[in-house]
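protein31.cif (mmCIF, C-alpha atoms) appears below.
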data_upload
#
loop_
_atom_site.label_atom_id
_atom_site.label_comp_id
_atom_site.auth_asym_id
_atom_site.auth_seq_id
_atom_site.Cartn_x
_atom_site.Cartn_y
_atom_site.Cartn_z
CA MET A 1368 0.00 0.00 0.00
CA THR A 1369 1.29 3.47 -0.89
CA LEU A 1370 1.93 5.68 2.11
CA PRO A 1371 -0.10 8.91 1.92
CA VAL A 1372 1.95 12.11 2.11
CA ILE A 1373 0.59 15.52 3.07
CA LEU A 1374 2.36 18.58 1.70
CA LEU A 1375 2.01 21.80 3.71
CA PRO A 1376 2.68 25.10 1.92
CA GLY A 1377 4.29 28.20 3.32
CA SER A 1378 2.57 31.48 4.12
CA MET A 1379 0.89 33.06 1.07
CA CYS A 1380 1.39 29.80 -0.84
CA ASP A 1381 -1.02 27.18 -2.13
CA ALA A 1382 -0.80 23.87 -4.00
CA ALA A 1383 1.12 25.57 -6.82
CA LEU A 1384 4.15 25.59 -4.50
CA PHE A 1385 4.33 21.82 -4.99
CA ALA A 1386 3.30 21.66 -8.65
CA GLY A 1387 6.65 20.15 -9.57
CA GLN A 1388 6.23 17.35 -7.03
CA LEU A 1389 2.52 16.52 -7.14
CA GLU A 1390 2.60 14.97 -10.59
CA SER A 1391 5.40 12.57 -9.66
CA LEU A 1392 4.07 11.71 -6.22
CA GLY A 1393 0.67 10.94 -7.70
CA ALA A 1394 -2.53 10.07 -5.85
CA ALA A 1395 -0.67 9.41 -2.59
CA ALA A 1396 0.01 13.16 -2.22
CA SER A 1397 -2.37 15.84 -1.02
CA VAL A 1398 -1.90 19.48 -0.03
CA GLY A 1399 -3.03 20.59 3.41
CA ASP A 1400 -5.02 23.76 4.05
CA LEU A 1401 -3.24 26.24 6.35
CA THR A 1402 -5.60 29.16 5.68
CA ARG A 1403 -8.40 28.48 8.16
CA SER A 1404 -6.81 29.05 11.58
CA SER A 1405 -4.67 31.68 13.28
CA SER A 1406 -2.37 29.57 15.46
CA ILE A 1407 0.14 26.83 14.69
CA GLU A 1408 -1.63 24.48 17.10
CA ALA A 1409 -5.02 25.02 15.45
CA MET A 1410 -3.50 24.59 11.98
CA ALA A 1411 -2.07 21.25 13.13
CA ASP A 1412 -5.53 20.26 14.37
CA ASP A 1413 -6.96 21.14 10.95
CA VAL A 1414 -4.38 18.92 9.25
CA LEU A 1415 -4.96 16.01 11.61
CA ASN A 1416 -8.73 16.24 11.24
CA ASP A 1417 -8.37 15.99 7.45
CA ALA A 1418 -5.57 13.38 7.43
CA PRO A 1419 -5.69 9.60 7.00
CA PRO A 1420 -4.86 7.41 10.02
CA VAL A 1421 -1.14 7.15 9.14
CA PHE A 1422 0.79 9.42 6.81
CA ALA A 1423 4.07 11.16 6.06
CA ILE A 1424 4.15 14.93 6.14
CA ALA A 1425 6.33 17.51 4.41
CA GLY A 1426 6.15 21.25 4.95
CA LEU A 1427 7.93 24.33 3.66
CA SER A 1428 8.46 27.38 5.89
CA LEU A 1429 5.15 27.84 7.77
CA GLY A 1430 4.30 24.33 6.56
CA GLY A 1431 7.42 22.94 8.23
CA ILE A 1432 6.46 24.53 11.53
CA VAL A 1433 2.98 23.03 11.32
CA ALA A 1434 4.39 19.65 10.24
CA THR A 1435 6.53 19.60 13.40
CA GLU A 1436 3.49 20.48 15.50
CA VAL A 1437 1.52 17.66 13.86
CA ALA A 1438 4.30 15.18 14.65
CA VAL A 1439 4.47 16.38 18.26
CA GLN A 1440 0.69 16.15 18.70
CA ALA A 1441 0.21 12.77 17.03
CA PRO A 1442 3.53 10.89 16.72
CA GLU A 1443 1.74 7.54 16.42
CA ARG A 1444 0.16 8.70 13.14
CA VAL A 1445 3.24 10.25 11.50
CA ALA A 1446 5.48 7.90 9.51
CA GLY A 1447 7.96 10.58 8.47
CA VAL A 1448 8.62 14.32 8.45
CA ALA A 1449 10.28 16.54 5.85
CA LEU A 1450 11.20 20.06 6.96
CA LEU A 1451 11.91 22.35 4.02
CA ASP A 1452 13.30 25.90 4.28
CA THR A 1453 11.84 26.45 7.73
CA ASN A 1454 12.53 28.10 11.08
CA LEU A 1455 11.32 26.25 14.16
CA GLY A 1456 12.41 28.94 16.62
CA LEU A 1457 10.59 32.00 17.87
CA ALA A 1458 10.15 35.08 15.73
CA ASP A 1459 13.07 37.36 16.56
CA GLU A 1460 12.71 41.08 17.25
CA VAL A 1461 13.01 42.10 13.60
CA GLN A 1462 10.52 39.47 12.49
CA GLN A 1463 8.10 40.55 15.19
CA GLN A 1464 8.32 44.16 14.09
CA ASN A 1465 7.89 43.24 10.43
CA ARG A 1466 4.94 40.95 11.03
CA GLN A 1467 3.19 43.49 13.22
CA LEU A 1468 3.64 46.07 10.47
CA TRP A 1469 2.45 43.65 7.77
CA GLY A 1470 -0.66 42.83 9.77
CA GLU A 1471 -1.47 46.52 10.18
CA LEU A 1472 -0.92 47.19 6.47
CA VAL A 1473 -3.14 44.33 5.35
CA ARG A 1474 -5.92 45.22 7.78
CA ALA A 1475 -5.75 48.76 6.37
CA GLY A 1476 -6.32 47.41 2.86
CA HIS A 1477 -2.74 47.31 1.53
CA PHE A 1478 -2.33 43.60 0.83
CA GLU A 1479 -1.02 44.37 -2.65
CA GLN A 1480 1.91 46.18 -1.07
CA ILE A 1481 2.86 42.98 0.77
CA ILE A 1482 2.56 40.55 -2.11
CA LYS A 1483 4.73 42.69 -4.38
CA THR A 1484 7.71 41.67 -2.22
CA VAL A 1485 7.31 37.87 -2.37
CA ASP A 1486 9.03 37.35 -5.73
CA HIS A 1487 12.44 37.60 -4.01
CA LEU A 1488 11.77 34.25 -2.34
CA THR A 1489 12.93 32.55 -5.54
CA ILE A 1490 16.39 32.95 -7.03
CA ASP A 1491 14.88 33.69 -10.45
CA ALA A 1492 12.24 36.37 -10.06
CA GLU A 1493 12.06 36.87 -13.81
CA ALA A 1494 11.07 33.25 -14.39
CA HIS A 1495 8.92 32.62 -11.32
CA GLY A 1496 8.06 35.97 -9.75
CA ARG A 1497 4.72 36.49 -11.46
CA ALA A 1498 3.48 32.99 -10.58
CA ILE A 1499 4.51 33.50 -6.94
CA ILE A 1500 2.70 36.83 -6.72
CA GLU A 1501 -0.40 35.26 -8.28
CA MET A 1502 -0.21 32.44 -5.74
CA ALA A 1503 -0.10 34.95 -2.88
CA ALA A 1504 -3.06 36.81 -4.36
CA ARG A 1505 -5.09 33.58 -4.44
CA VAL A 1506 -4.42 33.00 -0.74
CA GLY A 1507 -5.77 36.48 -0.09
CA PRO A 1508 -5.58 39.05 2.71
CA GLU A 1509 -7.84 37.35 5.26
CA ALA A 1510 -5.85 34.11 5.21
CA PHE A 1511 -2.60 36.06 5.26
CA VAL A 1512 -3.63 37.84 8.46
CA ARG A 1513 -4.35 34.50 10.11
CA GLN A 1514 -1.04 33.00 8.94
CA ASN A 1515 0.87 36.11 9.97
CA GLU A 1516 -0.62 35.95 13.47
CA ALA A 1517 0.26 32.26 13.77
CA LEU A 1518 3.88 32.97 12.81
CA LEU A 1519 4.11 36.02 15.05
CA TYR A 1520 3.03 34.14 18.18
CA ARG A 1521 4.45 30.68 17.41
CA ARG A 1522 6.13 28.53 20.05
CA ASP A 1523 9.77 27.49 19.94
CA ARG A 1524 9.66 23.86 18.82
CA ARG A 1525 13.42 23.24 18.57
CA GLY A 1526 13.48 21.50 21.93
CA ASP A 1527 10.95 18.92 20.72
CA LEU A 1528 12.95 17.74 17.72
CA ALA A 1529 14.76 14.93 19.52
CA ALA A 1530 11.40 13.24 20.12
CA LEU A 1531 10.84 12.70 16.39
CA ASN A 1532 11.28 8.95 15.99
CA CYS A 1533 10.79 8.51 12.24
CA PRO A 1534 12.72 9.30 9.05
CA VAL A 1535 13.24 13.08 8.92
CA LEU A 1536 14.48 15.01 5.92
CA VAL A 1537 15.85 18.49 6.64
CA LEU A 1538 16.34 20.45 3.44
CA CYS A 1539 16.91 24.00 2.28
CA GLY A 1540 18.12 25.96 -0.69
CA ARG A 1541 21.71 27.07 -0.40
CA GLN A 1542 20.60 30.60 -1.37
CA ASP A 1543 17.74 30.72 1.15
CA GLU A 1544 18.37 34.01 2.96
CA LEU A 1545 15.18 33.86 5.02
CA CYS A 1546 15.95 30.46 6.60
CA PRO A 1547 19.64 29.89 5.78
CA PRO A 1548 21.55 26.58 5.69
CA ALA A 1549 23.12 27.08 9.14
CA MET A 1550 19.65 27.05 10.66
CA HIS A 1551 18.94 23.70 9.03
CA ARG A 1552 22.24 22.20 10.16
CA ASP A 1553 21.22 23.04 13.71
CA ILE A 1554 17.81 21.41 13.17
CA ALA A 1555 19.30 18.23 11.71
CA ASP A 1556 21.84 17.91 14.53
CA GLN A 1557 19.02 17.68 17.07
CA ILE A 1558 17.04 14.90 15.37
CA PRO A 1559 18.11 11.25 15.78
CA HIS A 1560 16.74 10.09 12.43
CA ALA A 1561 17.46 13.13 10.25
CA ARG A 1562 19.29 13.69 7.02
CA LEU A 1563 20.40 17.12 5.86
CA GLU A 1564 20.22 18.14 2.20
CA ILE A 1565 21.31 21.58 0.98
CA VAL A 1566 20.37 22.17 -2.62
CA ASP A 1567 22.35 24.54 -4.84
CA ARG A 1568 20.71 27.24 -6.91
CA ALA A 1569 17.61 27.31 -4.73
CA GLY A 1570 16.22 30.04 -2.50
CA HIS A 1571 13.46 29.96 0.10
CA LEU A 1572 10.95 28.42 -2.31
CA SER A 1573 13.20 25.50 -3.16
CA THR A 1574 10.35 23.41 -4.57
CA ILE A 1575 9.95 26.02 -7.31
CA ASP A 1576 13.62 26.78 -7.90
CA GLN A 1577 14.70 23.11 -8.18
CA PRO A 1578 11.52 21.07 -8.71
CA GLU A 1579 13.16 17.95 -10.14
CA GLU A 1580 15.74 17.70 -7.39
CA LEU A 1581 13.16 18.32 -4.67
CA THR A 1582 10.98 15.61 -6.18
CA ARG A 1583 13.91 13.17 -6.17
CA LEU A 1584 14.81 13.88 -2.56
CA LEU A 1585 11.21 13.77 -1.33
CA THR A 1586 10.62 10.49 -3.18
CA GLN A 1587 13.74 9.00 -1.58
CA TRP A 1588 12.59 10.15 1.85
CA LEU A 1589 9.06 8.86 1.29
CA ASN A 1590 10.39 5.42 0.31
CA LEU A 1591 12.24 5.28 3.63
CA CYS A 1592 9.10 6.36 5.47
CA THR A 1593 7.16 3.55 3.82
CA THR A 1594 9.66 0.94 5.03
CA ASN A 1595 10.43 2.77 8.30
CA GLN A 1596 14.14 2.95 7.60
CA PRO A 1597 16.21 5.58 9.44
CA MET A 1598 17.87 8.39 7.50
CA LYS A 1599 20.56 9.11 10.07
CA GLY A 1600 24.10 9.08 8.81
CA THR A 1601 26.68 11.57 7.70
CA ALA A 1602 24.82 14.75 6.81
CA HIS A 1603 24.97 15.16 3.04
CA GLU A 1604 25.09 18.45 1.22
CA TYR A 1605 23.97 18.04 -2.34
CA ASN A 1606 25.89 20.02 -4.91
CA GLN A 1607 24.04 20.20 -8.19
CA VAL A 1608 26.14 20.10 -11.34
#

If you took the structure in this file and wrote it as structure tokens, what would it be?
Amino acid sequence: MTLPVILLPGSMCDAALFAGQLESLGAAASVGDLTRSSSIEAMADDVLNDAPPVFAIAGLSLGGIVATEVAVQAPERVAGVALLDTNLGLADEVQQQNRQLWGELVRAGHFEQIIKTVDHLTIDAEAHGRAIIEMAARVGPEAFVRQNEALLYRRDRRGDLAALNCPVLVLCGRQDELCPPAMHRDIADQIPHARLEIVDRAGHLSTIDQPEELTRLLTQWLNLCTTNQPMKGTAHEYNQV
């Protein structure tokens, strides 16, 4: 039986974030909805309420935070976790200030001002920027406010990583400036069954920048989840040629 896998998008992202992976992963893959609630815990509840009894889960950015929360809440149901371009710590002072400002701007009717900045999350704004902006527009201002509040007041989940007892993939783009590689090395070091992958020529939205490589790595991870094989070993940094 094919193991179901739930893909969780980042803030202001929808299923298009995983367009390059969904076709290859097929019917086993679904995309979770992180637009309905305004806390990480409630988003995890939403995912669990919609999920099959046992599944693997992969999340990017906000999705990675929620994926960790899902695994902490229901470890008996989670066969594997993939954390992509994410930050499991608290929002720092700068992030808090920015998110408070963004919330005020959007509530005042200036959502367009926010989404004009999201194209920098890819390393090739000329190729992908328009599609990313359109994706953010589809998510819309109301959902953004809820996601922004969840990220602003999130808990620090780094101390819970050691409890993850399943295959864990920790991955980021080498050019991810929002959640840089050093952050992911720290995450991987704390998880007994983790493998680190750093993908060249990829920014924060690594699934868009390097769709084929992300599909390969996620498929490899999902195969290990299906057979419950550990991923722990020498952390590997992938250098694309």

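Going from CA of Asp1413 in chain A to CA of Val1437 in chain A covers 9.6 Å.
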
For the PyMOL selection byres ((chain A and resi 1382) around 12), applied here, can you spell out every residue it catches as an mmCIF file with C-alpha atoms, keeping the file's coordinate frame?
data_model
loop_
_atom_site.group_PDB
_atom_site.id
_atom_site.type_symbol
_atom_site.label_atom_id
_atom_site.label_comp_id
_atom_site.auth_asym_id
_atom_site.auth_seq_id
_atom_site.Cartn_x
_atom_site.Cartn_y
_atom_site.Cartn_z
ATOM 1 C CA ILE A 1373 0.590 15.520 3.070
ATOM 2 C CA LEU A 1374 2.360 18.580 1.700
ATOM 3 C CA LEU A 1375 2.010 21.800 3.710
ATOM 4 C CA PRO A 1376 2.680 25.100 1.920
ATOM 5 C CA GLY A 1377 4.290 28.200 3.320
ATOM 6 C CA SER A 1378 2.570 31.480 4.120
ATOM 7 C CA MET A 1379 0.890 33.060 1.070
ATOM 8 C CA CYS A 1380 1.390 29.800 -0.840
ATOM 9 C CA ASP A 1381 -1.020 27.180 -2.130
ATOM 10 C CA ALA A 1383 1.120 25.570 -6.820
ATOM 11 C CA LEU A 1384 4.150 25.590 -4.500
ATOM 12 C CA PHE A 1385 4.330 21.820 -4.990
ATOM 13 C CA ALA A 1386 3.300 21.660 -8.650
ATOM 14 C CA GLY A 1387 6.650 20.150 -9.570
ATOM 15 C CA GLN A 1388 6.230 17.350 -7.030
ATOM 16 C CA LEU A 1389 2.520 16.520 -7.140
ATOM 17 C CA GLU A 1390 2.600 14.970 -10.590
ATOM 18 C CA ALA A 1396 0.010 13.160 -2.220
ATOM 19 C CA SER A 1397 -2.370 15.840 -1.020
ATOM 20 C CA VAL A 1398 -1.900 19.480 -0.030
ATOM 21 C CA GLY A 1399 -3.030 20.590 3.410
ATOM 22 C CA ASP A 1400 -5.020 23.760 4.050
ATOM 23 C CA LEU A 1401 -3.240 26.240 6.350
ATOM 24 C CA GLY A 1426 6.150 21.250 4.950
ATOM 25 C CA LEU A 1427 7.930 24.330 3.660
ATOM 26 C CA GLY A 1430 4.300 24.330 6.560
ATOM 27 C CA ILE A 1499 4.510 33.500 -6.940
ATOM 28 C CA MET A 1502 -0.210 32.440 -5.740
ATOM 29 C CA ALA A 1503 -0.100 34.950 -2.880
ATOM 30 C CA ARG A 1505 -5.090 33.580 -4.440
ATOM 31 C CA VAL A 1506 -4.420 33.000 -0.740
ATOM 32 C CA THR A 1574 10.350 23.410 -4.570
ATOM 33 C CA ILE A 1575 9.950 26.020 -7.310
#

>> Given the PyMOL selection byres ((chain A and resi 1370) around 9) and the file above, list the residues it selects as a list in words.
In response: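 This file, filtered by the PyMOL selection byres ((chain A and resi 1370) around 9), leaves Met1368, Thr1369, Pro1371, Val1372, Ala1395, Ala1396, Val1421, Phe1422, Ala1423, Ala1446, Leu1589, Asn1590, Cys1592 and Thr1593 of chain A.
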
> Residues picked by the PyMOL selection byres ((chain A and resi 1450) around 12) here, as a PyMOL selection string?
Replying inline: chain A and resi 1374-1377+1423-1436+1438+1447-1449+1451-1455+1528+1531+1534-1540+1546+1550-1552+1554-1555+1558+1561-1565+1573+1581+1584-1585+1588

Export of prior selection with C-alpha atoms as a CSV table (one decimal), in the coordinates of the input:
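As a result, result_23.csv now contains:
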chain,number,residue,atom,x,y,z
A,1374,LEU,CA,2.4,18.6,1.7
A,1375,LEU,CA,2.0,21.8,3.7
A,1376,PRO,CA,2.7,25.1,1.9
A,1377,GLY,CA,4.3,28.2,3.3
A,1423,ALA,CA,4.1,11.2,6.1
A,1424,ILE,CA,4.2,14.9,6.1
A,1425,ALA,CA,6.3,17.5,4.4
A,1426,GLY,CA,6.2,21.2,5.0
A,1427,LEU,CA,7.9,24.3,3.7
A,1428,SER,CA,8.5,27.4,5.9
A,1429,LEU,CA,5.2,27.8,7.8
A,1430,GLY,CA,4.3,24.3,6.6
A,1431,GLY,CA,7.4,22.9,8.2
A,1432,ILE,CA,6.5,24.5,11.5
A,1433,VAL,CA,3.0,23.0,11.3
A,1434,ALA,CA,4.4,19.6,10.2
A,1435,THR,CA,6.5,19.6,13.4
A,1436,GLU,CA,3.5,20.5,15.5
A,1438,ALA,CA,4.3,15.2,14.6
A,1447,GLY,CA,8.0,10.6,8.5
A,1448,VAL,CA,8.6,14.3,8.4
A,1449,ALA,CA,10.3,16.5,5.8
A,1451,LEU,CA,11.9,22.4,4.0
A,1452,ASP,CA,13.3,25.9,4.3
A,1453,THR,CA,11.8,26.4,7.7
A,1454,ASN,CA,12.5,28.1,11.1
A,1455,LEU,CA,11.3,26.2,14.2
A,1528,LEU,CA,13.0,17.7,17.7
A,1531,LEU,CA,10.8,12.7,16.4
A,1534,PRO,CA,12.7,9.3,9.0
A,1535,VAL,CA,13.2,13.1,8.9
A,1536,LEU,CA,14.5,15.0,5.9
A,1537,VAL,CA,15.8,18.5,6.6
A,1538,LEU,CA,16.3,20.4,3.4
A,1539,CYS,CA,16.9,24.0,2.3
A,1540,GLY,CA,18.1,26.0,-0.7
A,1546,CYS,CA,16.0,30.5,6.6
A,1550,MET,CA,19.6,27.0,10.7
A,1551,HIS,CA,18.9,23.7,9.0
A,1552,ARG,CA,22.2,22.2,10.2
A,1554,ILE,CA,17.8,21.4,13.2
A,1555,ALA,CA,19.3,18.2,11.7
A,1558,ILE,CA,17.0,14.9,15.4
A,1561,ALA,CA,17.5,13.1,10.2
A,1562,ARG,CA,19.3,13.7,7.0
A,1563,LEU,CA,20.4,17.1,5.9
A,1564,GLU,CA,20.2,18.1,2.2
A,1565,ILE,CA,21.3,21.6,1.0
A,1573,SER,CA,13.2,25.5,-3.2
A,1581,LEU,CA,13.2,18.3,-4.7
A,1584,LEU,CA,14.8,13.9,-2.6
A,1585,LEU,CA,11.2,13.8,-1.3
A,1588,TRP,CA,12.6,10.2,1.8

>> If we count only C-alpha atoms and set the cut-off at 10 Å, which residues sit around His1495 in chain A, ignoring sequence neighbours fewer than 5 positions away in its own chain? Please answer as a list of chain:residue names.
In response: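 Contacts, in chain order: A:Asp1486, A:His1487, A:Leu1488, A:Thr1489, A:Ile1490, A:Ile1500, A:Ile1575, A:Asp1576.
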
Within 6 Å of range 1510-1524 of chain A, which residues of range 1383-1424 of chain A show up? Give each one with its shortest atom-to-atom distance in Å (one decimal) and the two atoms involved, counting all atoms listed in the file, rows by chain then rising residue number, as CSV.
residue,atom,partner,partner_atom,distance
A:Thr1402,CA,A:Ala1510,CA,5.0
A:Ser1405,CA,A:Arg1513,CA,4.3
A:Ser1406,CA,A:Ala1517,CA,4.1
A:Ile1407,CA,A:Ala1517,CA,5.5

>> Between CA of Glu1580 in chain A and CA of Val1566 in chain A, what is the distance in Å, rounded to a tenth?
In response: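 Distance between the two atoms: 8.0 Å.
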
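With CA of Asp1412 in chain A on one side and CA of His1571 in chain A on the other, the separation reads 25.7 Å.
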
Range 1444-1456 of chain A, all listed atoms, 6 Å padding on each side: what axis-aligned box centre and edge lengths in Å to one decimal come out, as lines of an AutoDock Vina configuration file?
center_x = 6.7
center_y = 18.4
center_z = 10.3
size_x = 25.1
size_y = 33.0
size_z = 24.6

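Closest approach to Arg1568 in chain A from the set A:Asp1491, A:Pro1508, A:Trp1469, A:Leu1591 is made by A:Asp1491, with distances taken over only C-alpha atoms.
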